[in-house]
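Colleague: Just passing along the structure, written as structure tokens.
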Amino acid sequence: ADSPNYQWPSPQYDTLEALLYEGRRGDGSNLASIQHPCRNRPDSNASIGGEWLRFAFHDMSTHDIDDGSGGLDGSLVYELDRPANFGNAFTRSVSDFEVYPNKYISRSDVIAVAAVFSVASCGGPIIPFRGGRIDAWQAGRMGTPEPQEDIATHTNIFKRAGFNAQEMIKMVACGHTMGSVRSSDFPAMVPPGPNPAVDRFINFDSTPEFDNLVVTEYLDGTTQNPLVIDANKTMVSDLRIFSMDSNDTMRSIASPDAFATECQNILERMINVVPHGVSLTQEITLLPAKVHDVQLTFERNKFVFKSSLRLLQPLDKKLNKDRKVTILWCDRYGDAQNCKGTTRTSIPSTTLQEDPDLSPMTKRQGYNFVNYNFIVPVDASLSISKFWFEVDEKDGKPATVYNNGGDGYVMDQDQLLFVPTLSRADARAITRRGGFSGSNDTFTKTYTIVAAVRDGSNPSRVYAEAHDFAIHKFPAPFNTTIDLKPNSSIPAMQGYSFYSASLDDEGFQLTLDIHSVGSDGKTYTEDFRQTAFLDNTPYYPPTAVTNTAKSPSPSWRLIDGWLTIRRSICGSLVAGLLLRTLL
Ligand code: HEM
């Protein structure tokens, strides 16, 4: 029932998988939904997918296959003053992307994901995605193609980046099936309307979708693509490129299937062009069952264990409301440690069927998600060593067990715990940075972070590494290390005492790796803890626990599982809006 080639915990995989298939980062802010379903900008009417796909190409296009420099490395954000990268489309895309990078997802991974979303959302092929790109923090070399350049220059630019002439033809055709040439950037090709503040667009082909019409309309002579038919023959770069081999390549990709297959290949290669020395992850595929948001912590003075199980729901089937999902776990200490004699079980605190349009990647595969969210009370003196899940469809067949390939989901430590609900973020000062469109103001926030340390571990040091890669205009990543000190204003409870520290950050996505160095010399770590909600974390009381000698008792009733869905949707919407307003 678990996934092959994947073992929990794999934080980089998990984080990339969530962005790709849920479209969002940890706090629910959704990147995909800016563009999906194949949207235009509500104000300017520009194709967002067109802008994002072009962004990825321009970032990639300066790669030099010989010296290994450039490629998809996010350097484009520092190159927006260049003529090839000029215009509103690029600045808008940077604003779209800016809050998403973090310790496990680079800015260049976000750019690649955005290109993949655009193509999938507009009906094109599913481009296989790998993560692990490494960001540049300064501008790179010059050399992005512009339409007035001749065919030899274009051929050389693509050759330098590692693509031959045929591949250039395919890549340009696969790009120029979406979006348009716009009057604000090329007024001679696209005459502005009466109000120059309102952009006019001429699409490359007659549909906004990702389809083969860019090829067929070119071949049958009906194309309105300005880069083919413009009266100024200097500007017709698509005509020069498409016709350079007597249209052989264009004819070879004219059918819908050939176009989809060839574009899938060439665009996958395009997003995987990275500086030498960068190695990408394995392909990030959709996990059929995913355990996420696992946290042992204190909430309202109660010691609780939180976790979520995400299952796939085929879009053409109704969710089975008789399904019973159970969490099971073992004590870490005491007579019943490691489930000797007693296994503890409980039921979801909330169940949430997600919006099928969270990400085009999941929708195109025919699924959406159902999340079973668990909050169970734990006796701190017994704690928890491992957990797993059973899913009983109540259809007479045996329940499916999700146990991480047999080992269970093992809690590696309980000596140091992050306590979001006792932590807080206070907006402090406004930073003015000028630059991209939209607001140029960001708030510096003061974070007070609280961790719980288990009695007896007597750490010689408790400290946090704080990271933020999502900073307006990307001046530099924020990385700092700060010591947490015992905080006696928070009374010790249930065998834990509290440590805290404060720090300032002006970015959009502070995450914490908190460590304690125990008296045994071991370092205990809470990795990649999010700070989006902290003391605004929506509160749900823990559910009741059943103790059982063997398998869970069949006699429970699903308490208010379905009623709470609505509450939890409202909760996350409110929280999402709140965050947007705060940012
Ligand atoms: C010699 C190579 C290329 C040249 C000279 C070129 C030129 C252009 C020009 C002049 C525009 C109009 C931009 C505007 O009006 O603001 C454009 C748009 C676009 N290009 Fe290219 N392009 C090339 C290759 C590519 C490639 C390889 C891709 C992607 C695979 C691509 C994707 C796009 C997209 C999606 C748009 C639409 C942007 C939007 O709607 O905002 N281009 N290109």
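Scheme for the structure tokens: letters A, B, ... for chains in order shown; per-chain residue numbers from 1; ligand numbers from 1 in order shown.
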Need the shell around Arg160 of chain A: protein/DNA/RNA residues with any atom at most 10 Å away, counting only C-alpha atoms. Skip same-chain ones fewer than 4 positions apart. Format as a list in words?
Modeller: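 My list of contacting residues is Ser61, Thr62, His63, Asp64, Ile65, Asp66, Asp67, Gly143, His154, Thr155, Asn156 and Asn164 of chain A.
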Colleague: Fewer than 5 positions away in the same chain doesn't count, so skip those; otherwise give me all residues within 7 Å of Leu534 of chain A, counting only C-alpha atoms, as a ChimeraX atom specification.
Modeller: /A:420-421,423-424
Colleague: Find the nearest atom pair between each residue of chain A and ligand 1 for residues within 6 Å, count only C-alpha atoms and all ligand atoms, give distances in Å to one decimal, sort rows by chain and ascending number, and present the table as a tab-separated table.
Modeller:
residue	atom	partner	partner_atom_place_in_ligand_line	distance
A:Ser47	CA	ligand 1	40 (O)	5.2
A:Gly50	CA	ligand 1	35 (C)	3.8
A:Glu51	CA	ligand 1	41 (O)	3.9
A:Leu53	CA	ligand 1	35 (C)	4.8
A:Arg54	CA	ligand 1	32 (C)	4.0
A:Phe57	CA	ligand 1	29 (C)	5.0
A:Ala89	CA	ligand 1	41 (O)	5.7
A:Pro145	CA	ligand 1	5 (C)	4.8
A:Glu146	CA	ligand 1	5 (C)	4.1
A:Pro147	CA	ligand 1	5 (C)	3.8
A:His154	CA	ligand 1	1 (C)	5.2
A:Met171	CA	ligand 1	27 (C)	4.6
A:Val172	CA	ligand 1	27 (C)	3.9
A:Cys174	CA	ligand 1	30 (C)	5.5
A:Gly175	CA	ligand 1	29 (C)	3.4
A:His176	CA	ligand 1	33 (C)	5.1
A:Met178	CA	ligand 1	35 (C)	5.0
A:Gly179	CA	ligand 1	40 (O)	3.1
A:Ser180	CA	ligand 1	40 (O)	4.1
A:Val181	CA	ligand 1	15 (O)	3.3
A:Arg182	CA	ligand 1	15 (O)	3.9
A:Asp185	CA	ligand 1	16 (O)	4.9
A:Phe186	CA	ligand 1	15 (O)	5.7
A:Ser237	CA	ligand 1	5 (C)	5.7
Colleague: Do a neighbour search on Ile266 of chain A at 12 Å with only C-alpha atoms, toss out local chain neighbours closer than 6 positions, and write the hits as a ChimeraX atom specification.
Modeller: /A:57,125,127-128,162-164,166-175,253,258-260,272-273
Colleague: Which of segment 349-405 of chain A end up as strand (DSSP E or B) when DSSP is run on this backbone - answer as a PyMOL selection string?
Modeller: chain A and resi 350-353+367-377+386-392+400-402
Colleague: Set the distance at 6 Å and use only C-alpha atoms: which residues neighbour Phe210 of chain A once local chain neighbours fewer than 6 positions away are removed? I'd like the list as a ChimeraX atom specification.
Modeller: /A:122-124,177-178
Colleague: Using 9 Å as the limit and counting only C-alpha atoms, can you tabulate each residue of segment 94-210 of chain A that touches segment 357-376 of chain A, with its shortest atom-to-atom distance in Å and the two atoms involved, as CSV?
Modeller:
residue,atom,partner,partner_atom,distance
A:Val116,CA,A:Met361,CA,8.4
A:Phe117,CA,A:Pro360,CA,6.4
A:Ser118,CA,A:Pro360,CA,8.6
A:Ala120,CA,A:Pro360,CA,6.1
A:Ser121,CA,A:Pro360,CA,5.2
A:Cys122,CA,A:Pro360,CA,8.9
A:Gly123,CA,A:Arg364,CA,8.7
A:Ile126,CA,A:Met361,CA,7.2
Colleague: For the residues in the current selection, export N, CA and C atoms as a CSV table (one decimal), in the first residue's frame.
Modeller:
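Result file is selection30.csv:
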chain,number,residue,atom,x,y,z
A,116,VAL,N,6.1,23.8,-15.9
A,116,VAL,CA,5.4,22.5,-15.9
A,116,VAL,C,3.9,22.7,-15.7
A,117,PHE,N,3.5,23.5,-14.7
A,117,PHE,CA,2.1,23.9,-14.5
A,117,PHE,C,1.5,24.5,-15.7
A,118,SER,N,2.2,25.4,-16.3
A,118,SER,CA,1.6,26.2,-17.4
A,118,SER,C,1.2,25.3,-18.6
A,120,ALA,N,0.8,21.9,-18.5
A,120,ALA,CA,-0.3,20.9,-18.1
A,120,ALA,C,-1.6,21.6,-18.0
A,121,SER,N,-1.6,22.8,-17.4
A,121,SER,CA,-2.9,23.5,-17.2
A,121,SER,C,-3.6,23.9,-18.5
A,122,CYS,N,-2.8,24.1,-19.5
A,122,CYS,CA,-3.4,24.6,-20.8
A,122,CYS,C,-3.5,23.4,-21.8
A,123,GLY,N,-3.5,22.2,-21.3
A,123,GLY,CA,-3.8,21.0,-22.1
A,123,GLY,C,-2.6,20.4,-22.8
A,126,ILE,N,2.3,16.3,-19.8
A,126,ILE,CA,2.8,16.4,-18.4
A,126,ILE,C,4.3,16.2,-18.5
Colleague: I'd like the neighbourhood of segment 541-545 of chain A as a list in words, where a residue qualifies if any of its atoms comes within 8 Å (using only C-alpha atoms), though same-chain residues fewer than 5 positions away should be ignored.
Modeller: Val304, Arg344, Thr345, Ser346, Ile347, Pro348, Ser349, Phe374, Ile375, Val376 and Pro377 of chain A
Colleague: Go through A:Glu299, A:Asp230, A:Asp455, A:Asp392 one by one, measure the shortest atom-to-atom distance of each to Pro187 of chain A using only C-alpha atoms, and give the residue with the smallest value.
Modeller: A:Asp230
Colleague: Do a neighbour search on Gly518 of chain A at 6 Å with only C-alpha atoms, toss out local chain neighbours closer than 2 positions, and write the hits as number ranges by chain.
Modeller: A: 457, 459, 516, 520-522
Colleague: Quote the spacing between atom CA of His515 of chain A and atom CA of Arg461 of chain A in Å to one decimal place.
Modeller: 8.1 Å
Colleague: Which of these residues is nearest to Pro83 of chain A, using only C-alpha atoms: A:Met142, A:Val113, A:Ala399, A:Cys38?
Modeller: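 Nearest candidate to Pro83 of chain A out of A:Met142, A:Val113, A:Ala399, A:Cys38: A:Met142.
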Colleague: List as a PDB file with C-alpha atoms, in the first residue's frame the protein and nucleic acid residues near Leu16 of chain A, meaning an atom at most 10 Å away when only C-alpha atoms are counted, but skip any in the same chain fewer than 2 places from it.
Modeller:
ATOM      1  CA  PRO A  11      11.777  16.165   3.397  1.00  0.00           C
ATOM      2  CA  GLN A  12      13.061  17.445   0.059  1.00  0.00           C
ATOM      3  CA  TYR A  13      10.924  14.975  -1.879  1.00  0.00           C
ATOM      4  CA  ASP A  14       7.921  15.703   0.329  1.00  0.00           C
ATOM      5  CA  ALA A  18       3.557  19.133  -2.293  1.00  0.00           C
ATOM      6  CA  LEU A  19       4.391  22.095  -4.531  1.00  0.00           C
ATOM      7  CA  LEU A  20       3.995  20.033  -7.686  1.00  0.00           C
ATOM      8  CA  TYR A  21       0.860  18.046  -6.850  1.00  0.00           C
ATOM      9  CA  GLU A  22      -0.877  20.291  -4.313  1.00  0.00           C
ATOM     10  CA  GLY A  23       0.322  23.475  -6.001  1.00  0.00           C
ATOM     11  CA  ARG A  24       1.139  25.021  -2.654  1.00  0.00           C
ATOM     12  CA  ARG A  25       3.586  25.625   0.110  1.00  0.00           C
ATOM     13  CA  TYR A 104      14.130  22.417  -0.097  1.00  0.00           C
ATOM     14  CA  ILE A 105      12.762  24.253  -3.146  1.00  0.00           C
ATOM     15  CA  SER A 106      15.092  26.637  -4.912  1.00  0.00           C
ATOM     16  CA  ASP A 109      12.866  24.832  -9.011  1.00  0.00           C
ATOM     17  CA  VAL A 110       9.899  27.180  -8.596  1.00  0.00           C
ATOM     18  CA  VAL A 113       7.509  23.974 -11.652  1.00  0.00           C
ATOM     19  CA  PHE A 129       9.800  17.107 -13.008  1.00  0.00           C
ATOM     20  CA  ARG A 130      12.979  16.735 -10.972  1.00  0.00           C
ATOM     21  CA  GLY A 131      14.066  19.172  -8.271  1.00  0.00           C
ATOM     22  CA  GLY A 132      17.384  20.180  -6.807  1.00  0.00           C
ATOM     23  CA  ILE A 284       9.026  13.582  -8.348  1.00  0.00           C
ATOM     24  CA  THR A 285       5.963  11.405  -8.857  1.00  0.00           C
TER      25      THR A 285
END
Colleague: Rank A:Val453, A:Pro192, A:Ser308, A:Thr153 by their smallest atom-to-atom distance to Asn487 of chain A, using only C-alpha atoms, and report the top residue only.
Modeller: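 Between A:Val453, A:Pro192, A:Ser308, A:Thr153, the residue approaching Asn487 of chain A most closely is A:Val453.
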Colleague: Give me, as JSON lines, the closest atom pair and its distance (Å, one decimal) for every residue of segment 259-373 of chain A within a cut-off of 7 Å of segment 69-81 of chain A, counting only C-alpha atoms, rows sorted by chain and rising number.
Modeller:
{"residue": "A:Ile271", "atom": "CA", "partner": "A:Leu72", "partner_atom": "CA", "distance": 6.6}
{"residue": "A:Val273", "atom": "CA", "partner": "A:Gly71", "partner_atom": "CA", "distance": 5.2}
{"residue": "A:Val274", "atom": "CA", "partner": "A:Gly71", "partner_atom": "CA", "distance": 4.5}
{"residue": "A:Pro275", "atom": "CA", "partner": "A:Ser69", "partner_atom": "CA", "distance": 5.0}
{"residue": "A:His276", "atom": "CA", "partner": "A:Ser69", "partner_atom": "CA", "distance": 6.7}
Colleague: Taking only C-alpha atoms into account, name the residue in A:Tyr333, A:Tyr402, A:Phe86, A:Tyr218 that is nearest to Ala289 of chain A.
Modeller: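 Ranking A:Tyr333, A:Tyr402, A:Phe86, A:Tyr218 by distance to Ala289 of chain A, first place goes to A:Tyr402.
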Colleague: I need the residue nearest Arg310 of chain A from this list: A:Val517, A:Val214, A:Leu352, A:Ile229. Use only C-alpha atoms for the distance.
Modeller: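 Using only C-alpha atoms, Arg310 of chain A sits closest to A:Leu352.
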Colleague: Can you check which parts of segment 493-531 of chain A lie within 8 Å of segment 470-480 of chain A? Per residue, the shortest pair of atoms and distance in Å to one decimal, counting only C-alpha atoms, sorted by chain and number, as CSV.
Modeller:
residue,atom,partner,partner_atom,distance
A:Asp505,CA,A:Phe478,CA,7.6
A:Glu506,CA,A:Ile471,CA,6.9
A:Gly507,CA,A:Ile471,CA,4.3
A:Phe508,CA,A:Ala470,CA,5.3
A:Gln509,CA,A:Ala470,CA,5.8
Colleague: Could those residues be written to a file, using N, CA and C atoms, as a CSV table (one decimal), in the first residue's frame?
Modeller:
chain,number,residue,atom,x,y,z
A,505,ASP,N,13.2,38.9,10.6
A,505,ASP,CA,13.4,38.5,9.3
A,505,ASP,C,12.4,39.2,8.4
A,506,GLU,N,12.9,39.7,7.2
A,506,GLU,CA,12.0,40.4,6.3
A,506,GLU,C,11.5,39.6,5.2
A,507,GLY,N,11.8,38.3,5.2
A,507,GLY,CA,11.4,37.4,4.0
A,507,GLY,C,9.9,36.9,4.2
A,508,PHE,N,9.5,36.1,3.3
A,508,PHE,CA,8.1,35.6,3.2
A,508,PHE,C,8.0,34.2,3.8
A,509,GLN,N,9.1,33.5,4.0
A,509,GLN,CA,8.9,32.1,4.4
A,509,GLN,C,10.1,31.7,5.3
